[in-house]
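Asks: The structure that follows is given in the form of structure tokens.
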Amino acid sequence: MSEALVSLHNVTLAYRRHPAVHHVSGTLARGSLTAVVGPNGAGKSTLLKGILGQLPAQEGKVMLHLPASCIAYLPQQSALERQFPITVLDAVLLGAWTRRGLLGGIAHGERERALTALGEVGLSGFAARPVGTLSVGQFQRVLFARLMMQDAELILLDEPFNAIDARTTADLLALVHRWHAAGRTVLAVLHDHQQVRAHFPSTLLLARRLIAWGDSAEVLSAAHLQAAQDMIEAWDDHARPCAPELAA
Ligand SMILES: Nc1ncnc2c1ncn2[C@@H]1O[C@H](COP(=O)(O)OP(=O)(O)OP(=O)(O)O)[C@@H](O)[C@H]1O
């Protein structure tokens, strides 16, 4: 049996005591390449925040079998970040800051690593450009390069190909495959089931509760997808909050 990198034990995650993810149990295997799918509002981003520890479990337990500092996270792209008045190179170097801490400084050689990462995402020659002048797809390449600077064992991606064209998606998917081939564990929130079937061997299907988690072809069956849709439609977002003593 494969070794667990993250174990979820009956995990419930809530915002102001209103559960968004309910009683999820399962194991993310070390070295796995897993998609998180489910309808809008299914709790996919919330689950990532639970694994990161940004949102503490209201019930149950998230067990990390690696240091939290070995996790890299790419949130859904925000237009705000692209307005920062920094260059592409500095944006990539921020990945090194994440790893070393703000007081760690930029070590000798990290500038070279950042330039190499930019080359790997197809942005050689962009180092001095202000990030505000990039297209959405180019900026996503910068964020992937920044992620690579973290040299993380576990990489969490939240809708990494949203609003990204086919060419850029293919290039970034190739990077994800390289990370996987190098033994890293990748967990990505995705909406394109065809893409998941083609590129992600494992899938976690969420609809506030866990519908299925395992081999992608089995998880993405018509019956499971219908069950997920039914579960979301039946969900009562205005249900009474959980007991105050359990508040997150
Ligand atoms: N910061 C927050 N405060 C309160 N409720 C939140 C917060 N973030 C998310 N929620 C709620 O938690 C539920 C799950 O949201 P989440 O963003 O995790 O879903 P998702 O599956 O990632 O959705 P999508 O596919 O639309 O991005 C939703 O009902 C959402 O409104």
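Residues in the structure tokens are numbered from 1 in each chain, the chains being A, B, ... in the order shown, and ligands are numbered from 1 in the order shown.
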Could you list, as a list in words, every residue within 6 Å of stretch 2-19 of chain A, counting only C-alpha atoms and ignoring same-chain residues fewer than 2 positions away?
Replies: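 Within the cut-off, the hits are Val21, His22, His23, Val24, Ser25, Gly26, Thr27, Leu28, Ala29, Arg30, Ala57, Gln58, Glu59, Gly60, Lys61, Val62, Met63, Leu64, His65, Pro241, Cys242 and Ala247 of chain A.
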Asks: Let me see the file: selected residues, C-alpha atoms, as a PDB file, in the first residue's frame.
Replies:
ATOM      1  CA  VAL A  21     -16.856  20.484   4.092  1.00  0.00           C
ATOM      2  CA  HIS A  22     -18.321  17.655   6.115  1.00  0.00           C
ATOM      3  CA  HIS A  23     -16.806  14.461   7.550  1.00  0.00           C
ATOM      4  CA  VAL A  24     -14.163  13.813   4.901  1.00  0.00           C
ATOM      5  CA  SER A  25     -11.836  10.874   5.462  1.00  0.00           C
ATOM      6  CA  GLY A  26      -9.148   9.544   3.175  1.00  0.00           C
ATOM      7  CA  THR A  27      -5.505   9.459   2.308  1.00  0.00           C
ATOM      8  CA  LEU A  28      -3.403  11.408  -0.152  1.00  0.00           C
ATOM      9  CA  ALA A  29      -0.613   9.051  -1.151  1.00  0.00           C
ATOM     10  CA  ARG A  30       2.960  10.270  -1.386  1.00  0.00           C
ATOM     11  CA  ALA A  57     -10.658  21.500  11.347  1.00  0.00           C
ATOM     12  CA  GLN A  58     -13.783  22.119  13.365  1.00  0.00           C
ATOM     13  CA  GLU A  59     -14.118  18.402  13.814  1.00  0.00           C
ATOM     14  CA  GLY A  60     -11.781  15.536  12.976  1.00  0.00           C
ATOM     15  CA  LYS A  61      -8.113  15.839  12.126  1.00  0.00           C
ATOM     16  CA  VAL A  62      -5.855  16.711   9.197  1.00  0.00           C
ATOM     17  CA  MET A  63      -2.589  14.824   9.616  1.00  0.00           C
ATOM     18  CA  LEU A  64       0.411  15.995   7.599  1.00  0.00           C
ATOM     19  CA  HIS A  65       3.209  13.477   7.216  1.00  0.00           C
ATOM     20  CA  PRO A 241     -24.569  26.661  12.829  1.00  0.00           C
ATOM     21  CA  CYS A 242     -22.777  23.975  14.784  1.00  0.00           C
ATOM     22  CA  ALA A 247     -16.426  27.042  16.723  1.00  0.00           C
TER      23      ALA A 247
END
Asks: Give me, as JSON lines, each residue of stretch 129-178 of chain A that comes within 10 Å of stretch 80-94 of chain A, together with its shortest interatomic pair and the distance in Å at one decimal, counting only C-alpha atoms, with rows ordered by chain and rising residue number.
Replies:
{"residue": "A:Arg129", "atom": "CA", "partner": "A:Thr87", "partner_atom": "CA", "distance": 5.3}
{"residue": "A:Pro130", "atom": "CA", "partner": "A:Thr87", "partner_atom": "CA", "distance": 4.2}
{"residue": "A:Val131", "atom": "CA", "partner": "A:Val88", "partner_atom": "CA", "distance": 5.4}
{"residue": "A:Gly132", "atom": "CA", "partner": "A:Gln83", "partner_atom": "CA", "distance": 5.1}
{"residue": "A:Thr133", "atom": "CA", "partner": "A:Arg82", "partner_atom": "CA", "distance": 8.5}
{"residue": "A:Leu134", "atom": "CA", "partner": "A:Arg82", "partner_atom": "CA", "distance": 8.0}
{"residue": "A:Ser135", "atom": "CA", "partner": "A:Arg82", "partner_atom": "CA", "distance": 9.4}
{"residue": "A:Val136", "atom": "CA", "partner": "A:Arg82", "partner_atom": "CA", "distance": 8.6}
{"residue": "A:Gln138", "atom": "CA", "partner": "A:Val88", "partner_atom": "CA", "distance": 10.0}
{"residue": "A:Phe139", "atom": "CA", "partner": "A:Arg82", "partner_atom": "CA", "distance": 7.4}
{"residue": "A:Gln140", "atom": "CA", "partner": "A:Arg82", "partner_atom": "CA", "distance": 9.9}
{"residue": "A:Arg141", "atom": "CA", "partner": "A:Val92", "partner_atom": "CA", "distance": 9.9}
{"residue": "A:Val142", "atom": "CA", "partner": "A:Val92", "partner_atom": "CA", "distance": 6.4}
{"residue": "A:Leu143", "atom": "CA", "partner": "A:Val92", "partner_atom": "CA", "distance": 7.0}
{"residue": "A:Phe144", "atom": "CA", "partner": "A:Val92", "partner_atom": "CA", "distance": 8.5}
{"residue": "A:Ala145", "atom": "CA", "partner": "A:Val92", "partner_atom": "CA", "distance": 6.0}
{"residue": "A:Arg146", "atom": "CA", "partner": "A:Val92", "partner_atom": "CA", "distance": 4.1}
{"residue": "A:Leu147", "atom": "CA", "partner": "A:Val92", "partner_atom": "CA", "distance": 7.9}
{"residue": "A:Met148", "atom": "CA", "partner": "A:Val92", "partner_atom": "CA", "distance": 8.7}
{"residue": "A:Met149", "atom": "CA", "partner": "A:Leu93", "partner_atom": "CA", "distance": 7.1}
{"residue": "A:Gln150", "atom": "CA", "partner": "A:Leu94", "partner_atom": "CA", "distance": 9.1}
Asks: Keeping C-alpha atoms for every residue in the selection just given, could you write it to a file as a compact mmCIF listing (two decimals), in the first residue's frame?
Replies:
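Written output follows (out-v7.txt):
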# COMPACT_ATOMS: atom_id res chain seq x y z
CA ARG A 129 9.13 43.17 -17.18
CA PRO A 130 6.71 44.64 -14.60
CA VAL A 131 4.15 41.91 -13.77
CA GLY A 132 1.37 44.41 -14.49
CA THR A 133 2.23 44.27 -18.20
CA LEU A 134 1.71 40.49 -18.48
CA SER A 135 -1.31 38.70 -19.88
CA VAL A 136 -3.29 36.42 -17.57
CA GLN A 138 1.88 34.82 -18.83
CA PHE A 139 1.25 35.74 -15.22
CA GLN A 140 0.13 32.19 -14.49
CA ARG A 141 3.45 30.99 -15.92
CA VAL A 142 5.20 33.38 -13.49
CA LEU A 143 3.22 31.90 -10.60
CA PHE A 144 4.25 28.39 -11.67
CA ALA A 145 7.89 29.54 -11.76
CA ARG A 146 7.47 31.01 -8.28
CA LEU A 147 6.04 27.71 -7.09
CA MET A 148 9.09 25.90 -8.47
CA MET A 149 11.35 28.10 -6.32
CA GLN A 150 9.71 26.58 -3.24
Asks: As a quick test: using only C-alpha atoms and all ligand atoms, which residues lie no more than 12 Å away from ligand 1? Give them as a PyMOL selection string.
Replies: chain A and resi 12-22+36-50+54-55+75-77+157-160+162+188-192+204-210+228-229+232-233+235-239+248
Asks: Could you write out, as a CSV table (one decimal) with N, CA and C atoms, in the first residue's frame, all the residues of stretch 44-229 of chain A that DSSP marks as strand (DSSP E)?
Replies:
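Heads up, here's the output in part-v5.csv:
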chain,number,residue,atom,x,y,z
A,59,GLU,N,-14.0,19.8,13.3
A,59,GLU,CA,-14.1,18.4,13.8
A,59,GLU,C,-13.2,17.5,13.0
A,60,GLY,N,-12.7,16.4,13.6
A,60,GLY,CA,-11.8,15.5,13.0
A,60,GLY,C,-10.4,16.1,13.0
A,61,LYS,N,-9.5,15.5,12.1
A,61,LYS,CA,-8.1,15.8,12.1
A,61,LYS,C,-7.5,15.7,10.7
A,62,VAL,N,-6.7,16.8,10.4
A,62,VAL,CA,-5.9,16.7,9.2
A,62,VAL,C,-4.4,16.4,9.7
A,63,MET,N,-3.9,15.2,9.2
A,63,MET,CA,-2.6,14.8,9.6
A,63,MET,C,-1.6,15.0,8.4
A,64,LEU,N,-0.6,15.8,8.6
A,64,LEU,CA,0.4,16.0,7.6
A,64,LEU,C,1.6,15.1,7.9
A,71,ILE,N,5.0,22.4,1.8
A,71,ILE,CA,3.8,22.5,1.0
A,71,ILE,C,3.8,23.8,0.2
A,72,ALA,N,3.6,23.8,-1.1
A,72,ALA,CA,3.5,25.0,-1.9
A,72,ALA,C,2.0,25.1,-2.3
A,73,TYR,N,1.5,26.3,-2.4
A,73,TYR,CA,0.1,26.5,-2.7
A,73,TYR,C,-0.1,27.6,-3.7
A,74,LEU,N,-0.9,27.3,-4.7
A,74,LEU,CA,-1.2,28.3,-5.7
A,74,LEU,C,-2.7,28.6,-5.6
A,154,LEU,N,4.8,18.7,-1.6
A,154,LEU,CA,3.4,18.7,-1.9
A,154,LEU,C,3.0,20.0,-2.5
A,155,ILE,N,2.3,19.9,-3.7
A,155,ILE,CA,1.9,21.1,-4.4
A,155,ILE,C,0.4,21.2,-4.5
A,156,LEU,N,-0.2,22.2,-4.0
A,156,LEU,CA,-1.6,22.4,-4.1
A,156,LEU,C,-2.0,23.5,-5.1
A,157,LEU,N,-2.8,23.1,-6.1
A,157,LEU,CA,-3.1,24.1,-7.1
A,157,LEU,C,-4.6,24.3,-7.1
A,158,ASP,N,-5.1,25.5,-7.0
A,158,ASP,CA,-6.5,25.8,-7.0
A,158,ASP,C,-6.9,26.4,-8.4
A,185,THR,N,4.2,15.3,-4.9
A,185,THR,CA,2.8,15.0,-4.8
A,185,THR,C,2.0,16.2,-5.3
A,186,VAL,N,1.0,16.1,-6.2
A,186,VAL,CA,0.3,17.2,-6.6
A,186,VAL,C,-1.2,17.0,-6.4
A,187,LEU,N,-1.9,18.0,-5.9
A,187,LEU,CA,-3.3,18.0,-5.7
A,187,LEU,C,-3.9,19.2,-6.3
A,188,ALA,N,-4.7,19.1,-7.4
A,188,ALA,CA,-5.2,20.2,-8.1
A,188,ALA,C,-6.7,20.3,-8.2
A,189,VAL,N,-7.3,21.4,-7.9
A,189,VAL,CA,-8.7,21.6,-8.1
A,189,VAL,C,-9.0,21.9,-9.6
A,202,SER,N,-5.7,10.0,-10.2
A,202,SER,CA,-6.6,9.9,-9.0
A,202,SER,C,-7.5,11.1,-9.0
A,203,THR,N,-8.7,10.9,-8.4
A,203,THR,CA,-9.6,12.0,-8.3
A,203,THR,C,-10.3,11.9,-6.9
A,204,LEU,N,-10.5,13.1,-6.4
A,204,LEU,CA,-11.3,13.2,-5.1
A,204,LEU,C,-12.6,14.0,-5.6
A,205,LEU,N,-13.7,13.4,-5.5
A,205,LEU,CA,-15.0,14.1,-5.9
A,205,LEU,C,-15.7,14.5,-4.6
A,206,LEU,N,-15.9,15.8,-4.6
A,206,LEU,CA,-16.4,16.4,-3.3
A,206,LEU,C,-17.8,17.1,-3.7
A,207,ALA,N,-18.7,17.1,-2.7
A,207,ALA,CA,-19.9,17.8,-2.8
A,207,ALA,C,-20.3,18.1,-1.4
A,209,ARG,N,-19.7,16.8,1.1
A,209,ARG,CA,-19.2,15.5,1.6
A,209,ARG,C,-18.4,14.8,0.5
A,210,LEU,N,-17.6,13.8,0.9
A,210,LEU,CA,-16.9,13.1,0.0
A,210,LEU,C,-17.8,12.1,-0.8
A,211,ILE,N,-17.8,12.2,-2.1
A,211,ILE,CA,-18.6,11.3,-2.9
A,211,ILE,C,-17.8,10.1,-3.3
A,212,ALA,N,-16.6,10.3,-3.7
A,212,ALA,CA,-15.7,9.2,-4.0
A,212,ALA,C,-14.2,9.7,-4.1
A,213,TRP,N,-13.3,8.8,-3.9
A,213,TRP,CA,-11.8,9.2,-3.9
A,213,TRP,C,-11.1,7.9,-4.4
A,214,GLY,N,-10.4,8.0,-5.5
A,214,GLY,CA,-9.7,6.8,-6.0
A,214,GLY,C,-9.3,7.0,-7.5
A,215,ASP,N,-9.3,5.9,-8.2
A,215,ASP,CA,-9.0,5.9,-9.6
A,215,ASP,C,-9.9,6.9,-10.4
Asks: Quick one: distance from atom CA of A:Glu112 to atom CA of A:Leu175 in Å, one decimal?
Replies: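 About the pair atom CA of A:Glu112 and atom CA of A:Leu175: they are 19.0 Å apart.
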Asks: Would you mind reading off the distance between atom CA of A:Glu218 and atom CA of A:Asp230, one decimal, in Å?
Replies: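 Atom CA of A:Asp230 lies at a distance of 18.4 Å from atom CA of A:Glu218.
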Asks: Give me every helix (DSSP H, G or I) residue in stretch 71-135 of chain A, going by DSSP on the backbone, as a ChimeraX atom specification.
Replies: /A:79-82,88-100,110-120,131-133
Asks: Considering only C-alpha atoms, can you say which of A:Ala234, A:Ala152, A:Ala223, A:Ala128 comes closest to A:Pro67?
Replies: A:Ala152
Asks: Quick one: residues within 8 Å of stretch 198-200 of chain A, only C-alpha atoms counted, chain neighbours fewer than 6 positions away excluded, as a JSON list (two decimals) with C-alpha atoms, in the first residue's frame?
Replies:
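Resulting contents of result06.json:
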[["chain", "number", "residue", "atom", "x", "y", "z"],
["A", 33, "LEU", "CA", -1.25, 13.11, -8.86],
["A", 34, "THR", "CA", -4.81, 13.86, -7.78],
["A", 35, "ALA", "CA", -7.60, 16.12, -9.04],
["A", 173, "LEU", "CA", 0.27, 20.50, -17.54],
["A", 216, "SER", "CA", -10.19, 8.79, -11.85]]
